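Peer 1: What follows is upload07.csv; its format and atoms are CSV, C-alpha atoms.
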chain,number,residue,atom,x,y,z
A,1,MET,CA,74.9,0.0,-162.5
A,2,GLY,CA,77.6,2.0,-164.1
A,3,LYS,CA,78.8,5.5,-163.3
A,4,ASP,CA,80.4,8.4,-165.2
A,5,ILE,CA,83.0,10.3,-163.3
A,6,LEU,CA,84.6,13.7,-164.1
A,7,VAL,CA,88.2,13.8,-162.8
A,8,VAL,CA,90.2,17.0,-162.3
A,9,SER,CA,93.4,18.0,-160.5
A,10,ASP,CA,95.6,21.0,-159.9
A,11,THR,CA,93.1,23.8,-160.2
A,12,HIS,CA,95.1,25.9,-157.7
A,13,GLY,CA,92.2,28.0,-156.7
A,14,ILE,CA,91.5,29.1,-160.3
A,15,ASN,CA,88.1,27.7,-161.1
A,16,THR,CA,87.3,29.4,-164.5
A,17,ASN,CA,88.1,26.3,-166.6
A,18,LEU,CA,86.6,24.0,-164.0
A,19,ARG,CA,83.3,25.8,-164.4
A,20,ILE,CA,83.5,25.4,-168.2
A,21,ALA,CA,84.2,21.6,-167.8
A,22,LEU,CA,81.3,21.1,-165.3
A,23,GLU,CA,78.9,23.0,-167.6
A,24,ARG,CA,80.1,21.2,-170.7
A,25,GLU,CA,79.7,17.8,-169.1
A,26,ARG,CA,76.5,18.6,-167.2
A,27,GLY,CA,74.2,15.6,-167.2
A,28,HIS,CA,77.0,13.3,-168.2
A,29,PHE,CA,78.6,12.6,-164.9
A,30,ASP,CA,77.5,11.2,-161.5
A,31,MET,CA,80.4,12.3,-159.4
A,32,VAL,CA,83.6,14.3,-159.4
A,33,PHE,CA,87.1,13.3,-158.2
A,34,HIS,CA,89.5,16.2,-157.4
A,35,LEU,CA,93.1,14.9,-157.1
A,36,GLY,CA,94.5,17.7,-155.1
A,37,ASP,CA,96.0,21.2,-155.2
A,38,PHE,CA,92.5,22.7,-155.1
A,39,GLY,CA,93.7,26.0,-153.5
A,40,GLY,CA,91.6,26.0,-150.4
A,41,ASN,CA,88.2,26.4,-152.1
A,42,GLU,CA,86.7,23.0,-151.8
A,43,ASP,CA,83.4,24.5,-150.6
A,44,ALA,CA,83.2,26.6,-153.8
A,45,ILE,CA,83.9,23.5,-155.9
A,46,ILE,CA,81.2,21.5,-154.1
A,47,ALA,CA,78.8,24.4,-154.7
A,48,MET,CA,79.4,24.2,-158.5
A,49,THR,CA,77.8,20.8,-158.9
A,50,ASP,CA,74.9,18.8,-157.5
A,51,CYS,CA,76.7,15.5,-157.3
A,52,PRO,CA,79.2,14.1,-154.8
A,53,VAL,CA,82.8,15.5,-155.0
A,54,VAL,CA,85.6,13.3,-153.6
A,55,PHE,CA,88.8,15.2,-152.8
A,56,VAL,CA,92.3,14.2,-151.8
A,57,ARG,CA,94.8,16.9,-150.7
A,58,GLY,CA,97.9,17.7,-152.7
A,59,ASN,CA,101.3,19.0,-151.8
A,60,CYS,CA,100.0,22.6,-152.0
A,61,ASP,CA,97.1,21.8,-149.7
A,62,GLY,CA,99.2,21.1,-146.6
A,63,TRP,CA,96.8,22.9,-144.2
A,64,SER,CA,93.8,20.8,-145.4
A,65,LYS,CA,92.3,18.2,-143.1
A,66,LEU,CA,91.2,16.1,-146.2
A,67,PRO,CA,92.9,12.8,-146.7
A,68,SER,CA,96.1,12.6,-148.8
A,69,GLU,CA,95.0,9.2,-150.2
A,70,LEU,CA,91.8,7.3,-150.6
A,71,ASN,CA,91.1,3.8,-151.8
A,72,PHE,CA,87.5,2.5,-152.2
A,73,THR,CA,85.3,0.4,-154.4
A,74,GLU,CA,82.8,2.0,-156.8
A,75,SER,CA,80.7,0.2,-159.4
A,76,GLY,CA,82.7,-3.0,-159.0
A,77,HIS,CA,86.2,-1.3,-159.4
A,78,HIS,CA,88.8,-0.6,-156.7
A,79,PHE,CA,90.1,3.0,-157.0
A,80,PHE,CA,93.2,4.5,-155.5
A,81,LEU,CA,93.3,8.3,-155.4
A,82,THR,CA,96.3,10.3,-154.5
A,83,HIS,CA,97.9,13.6,-155.6
A,84,GLY,CA,101.0,11.5,-156.5
A,85,HIS,CA,103.9,13.6,-155.2
A,86,ARG,CA,104.8,10.9,-152.6
A,87,TYR,CA,105.1,8.3,-155.4
A,88,PHE,CA,107.7,10.2,-157.6
A,89,VAL,CA,105.2,10.5,-160.5
A,90,SER,CA,107.3,13.3,-162.0
A,91,TYR,CA,109.9,10.7,-162.9
A,92,ASP,CA,107.7,7.6,-163.6
A,93,ARG,CA,104.5,6.0,-162.5
A,94,SER,CA,105.8,2.5,-161.6
A,95,THR,CA,105.9,3.2,-157.8
A,96,LEU,CA,102.3,4.5,-158.0
A,97,ALA,CA,101.2,1.4,-159.9
A,98,GLU,CA,102.9,-0.9,-157.4
A,99,GLU,CA,101.1,0.8,-154.5
A,100,ALA,CA,97.8,0.5,-156.3
A,101,ALA,CA,98.4,-3.2,-156.9
A,102,ARG,CA,99.4,-3.7,-153.2
A,103,LEU,CA,96.1,-2.1,-152.2
A,104,GLY,CA,94.2,-4.3,-154.6
A,105,ALA,CA,93.2,-1.4,-156.9
A,106,ASP,CA,92.6,-1.7,-160.6
A,107,VAL,CA,92.5,2.1,-161.2
A,108,ALA,CA,95.1,4.6,-159.9
A,109,LEU,CA,94.4,8.3,-160.3
A,110,TYR,CA,96.9,11.0,-159.5
A,111,GLY,CA,97.7,14.7,-160.3
A,112,HIS,CA,100.8,16.7,-159.4
A,113,THR,CA,102.6,16.7,-162.8
A,114,HIS,CA,99.9,18.8,-164.6
A,115,VAL,CA,100.4,16.4,-167.6
A,116,ALA,CA,97.4,14.4,-168.7
A,117,CYS,CA,97.8,10.6,-169.3
A,118,CYS,CA,95.8,7.4,-169.4
A,119,GLU,CA,97.8,4.2,-169.6
A,120,MET,CA,98.0,0.6,-168.4
A,121,ILE,CA,100.9,-0.3,-166.1
A,122,ASP,CA,100.9,-4.0,-165.1
A,123,ASP,CA,97.1,-4.4,-165.3
A,124,ILE,CA,96.5,-1.1,-163.4
A,125,LEU,CA,94.8,1.7,-165.3
A,126,VAL,CA,96.8,4.8,-164.4
A,127,ILE,CA,95.2,8.2,-165.0
A,128,ASN,CA,96.2,11.8,-164.6
A,129,PRO,CA,93.6,14.4,-165.8
A,130,GLY,CA,96.2,17.1,-166.2
A,131,SER,CA,95.5,20.6,-164.9
A,132,LEU,CA,92.6,22.9,-165.7
A,133,SER,CA,94.5,26.0,-164.5
A,134,ARG,CA,98.2,25.4,-165.3
A,135,PRO,CA,98.6,22.6,-167.9
A,136,ARG,CA,102.0,21.3,-168.9
A,137,GLY,CA,103.1,19.1,-171.8
A,138,TYR,CA,102.8,19.6,-175.5
A,139,ASN,CA,99.7,17.6,-176.3
A,140,TYR,CA,97.1,19.3,-174.1
A,141,GLY,CA,95.7,22.6,-173.0
A,142,PRO,CA,93.7,22.8,-169.8
A,143,SER,CA,92.4,19.3,-169.4
A,144,TYR,CA,90.3,16.9,-167.4
A,145,ALA,CA,89.3,13.2,-167.7
A,146,MET,CA,85.9,11.5,-168.1
A,147,LEU,CA,85.7,7.9,-166.8
A,148,HIS,CA,83.0,5.4,-167.6
A,149,VAL,CA,82.8,2.7,-164.9
A,150,GLU,CA,80.8,-0.5,-165.4
A,151,PRO,CA,81.0,-3.6,-163.2
A,152,PHE,CA,82.8,-6.5,-164.9
A,153,GLU,CA,84.1,-4.2,-167.7
A,154,GLN,CA,87.3,-2.3,-168.2
A,155,VAL,CA,87.1,1.3,-167.0
A,156,THR,CA,87.3,3.7,-169.9
A,157,CYS,CA,89.0,7.0,-169.8
A,158,GLU,CA,88.9,10.0,-172.2
A,159,ILE,CA,91.1,13.0,-171.7
A,160,LYS,CA,89.3,16.2,-172.8
A,161,THR,CA,90.6,19.7,-173.1
A,162,ILE,CA,88.7,23.0,-172.7
A,163,THR,CA,89.4,23.7,-176.4
A,164,ASP,CA,87.7,20.4,-177.5
A,165,LYS,CA,84.3,21.0,-179.1
Represent the supplied structure as structure tokens.
Peer 2:
Amino acid sequence: MGKDILVVSDTHGINTNLRIALERERGHFDMVFHLGDFGGNEDAIIAMTDCPVVFVRGNCDGWSKLPSELNFTESGHHFFLTHGHRYFVSYDRSTLAEEAARLGADVALYGHTHVACCEMIDDILVINPGSLSRPRGYNYGPSYAMLHVEPFEQVTCEIKTITDK
């Protein structure tokens, strides 16, 4: 059975737009991935939703005991979650895609750059949801990603902004 996943990153302790995204998508997701730089309020984020929330810590979460990377299988797909700063994602995403492939992942998710993207790199679906609190880039305002995951099908990704209707 498939799952829908809401993916966020780089909220930096400012949860106003996260609340908007969670409310807007209520009933349309089964879990949340937070890709780091959550600003020390993971308990508050968990309290905002009634589904599982998976976190990795970012470069601004150095005090956190949460893992800096995770890789696991969900609904027939192997996911690699990281904040991305250790993979030079500010320059390009090839090192991240290579690590995901080495781990056997077909989906790599990262944050750090605050710039949303969803692209295929050497058969790896590479996704950055952007930032809900401090977006960068000319195409998006505060953004998040919605994933649809079905076994034996390509994972689909839609980047959404708070200003989308």
Peer 1: Given all atoms listed in the file as the basis, pick out the residue of A:Phe79, A:His12, A:His148, A:Ala116 nearest to Gly104 of chain A.
Peer 2: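 Closest to Gly104 of chain A, using all atoms listed in the file: A:Phe79.
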Peer 1: So how far away is atom CA of Lys3 of chain A from atom CA of Gly58 of chain A, in Å?
Peer 2: 25.0 Å
Peer 1: Which of these residues is nearest to Glu25 of chain A, using all atoms listed in the file: A:Ala97, A:Ile45, A:Leu125, A:Ile5?
Peer 2: A:Ile5
Peer 1: So that I can see what lies close to Thr49 of chain A, please list as a list in words the residues with an atom at most 9 Å from it, counting all atoms listed in the file and leaving out residues fewer than 3 positions away in the same chain.
Peer 2: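 My list of contacting residues is Leu22, Arg26, Met31, Val32, Ile45, Ile46, Pro52 and Val53 of chain A.
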Peer 1: Taking (91.4, 19.3, -158.8) in the file's own coordinates, collect the residues within 12 Å, counting all atoms listed in the file, and hand them back as number ranges by chain.
Peer 2: A: 6-15, 17-19, 21, 32-42, 45-46, 53-58, 60-61, 81-83, 109-112, 114, 128-134, 142-145
Peer 1: Which value, in Å to one decimal, gives the distance between atom CA of Arg136 of chain A and atom CA of Met120 of chain A?
Peer 2: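 A separation of 21.1 Å between them.
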Peer 1: Under the rule that all atoms listed in the file are counted, which of A:Thr156, A:Ser64, A:Thr163, A:Thr73 is the nearest residue to Leu103 of chain A?
Peer 2: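 Between A:Thr156, A:Ser64, A:Thr163, A:Thr73, the residue approaching Leu103 of chain A most closely is A:Thr73.
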Peer 1: To one decimal place in Å, what is the distance between atom CA of Phe152 of chain A and atom CA of Arg93 of chain A?
Peer 2: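 Interatomic distance here is 25.2 Å.
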Peer 1: Of the candidates A:Cys51, A:Leu96, A:Leu70, A:Met1, which shows the shortest atom-to-atom distance to Val149 of chain A, using all atoms listed in the file?
Peer 2: A:Met1
Peer 1: Using all atoms listed in the file, which of the listed residues (A:Asp4, A:Ala101, A:Glu74, A:Ser90) sits closest to His28 of chain A?
Peer 2: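 Ranked by minimum distance to His28 of chain A, first place goes to A:Asp4.
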Peer 1: Can you pull out every residue within 7 Å of Cys118 of chain A, counting only C-alpha atoms, but drop anything in the same chain fewer than 2 positions away, and send it as a count of residues only?
Peer 2: 4
Peer 1: Just checking: using all atoms listed in the file, which residue out of A:Glu69, A:Asp106, A:Glu23, A:Glu158 ends up closest to Asp122 of chain A?
Peer 2: A:Asp106
Peer 1: Would you pick out the contacts of His77 of chain A at 9 Å or less, using all atoms listed in the file, so that residues sharing its chain but fewer than 5 positions from it are not included, and give the list as a PyMOL selection string?
Peer 2: chain A and resi 72+105-107+149-152+154-155
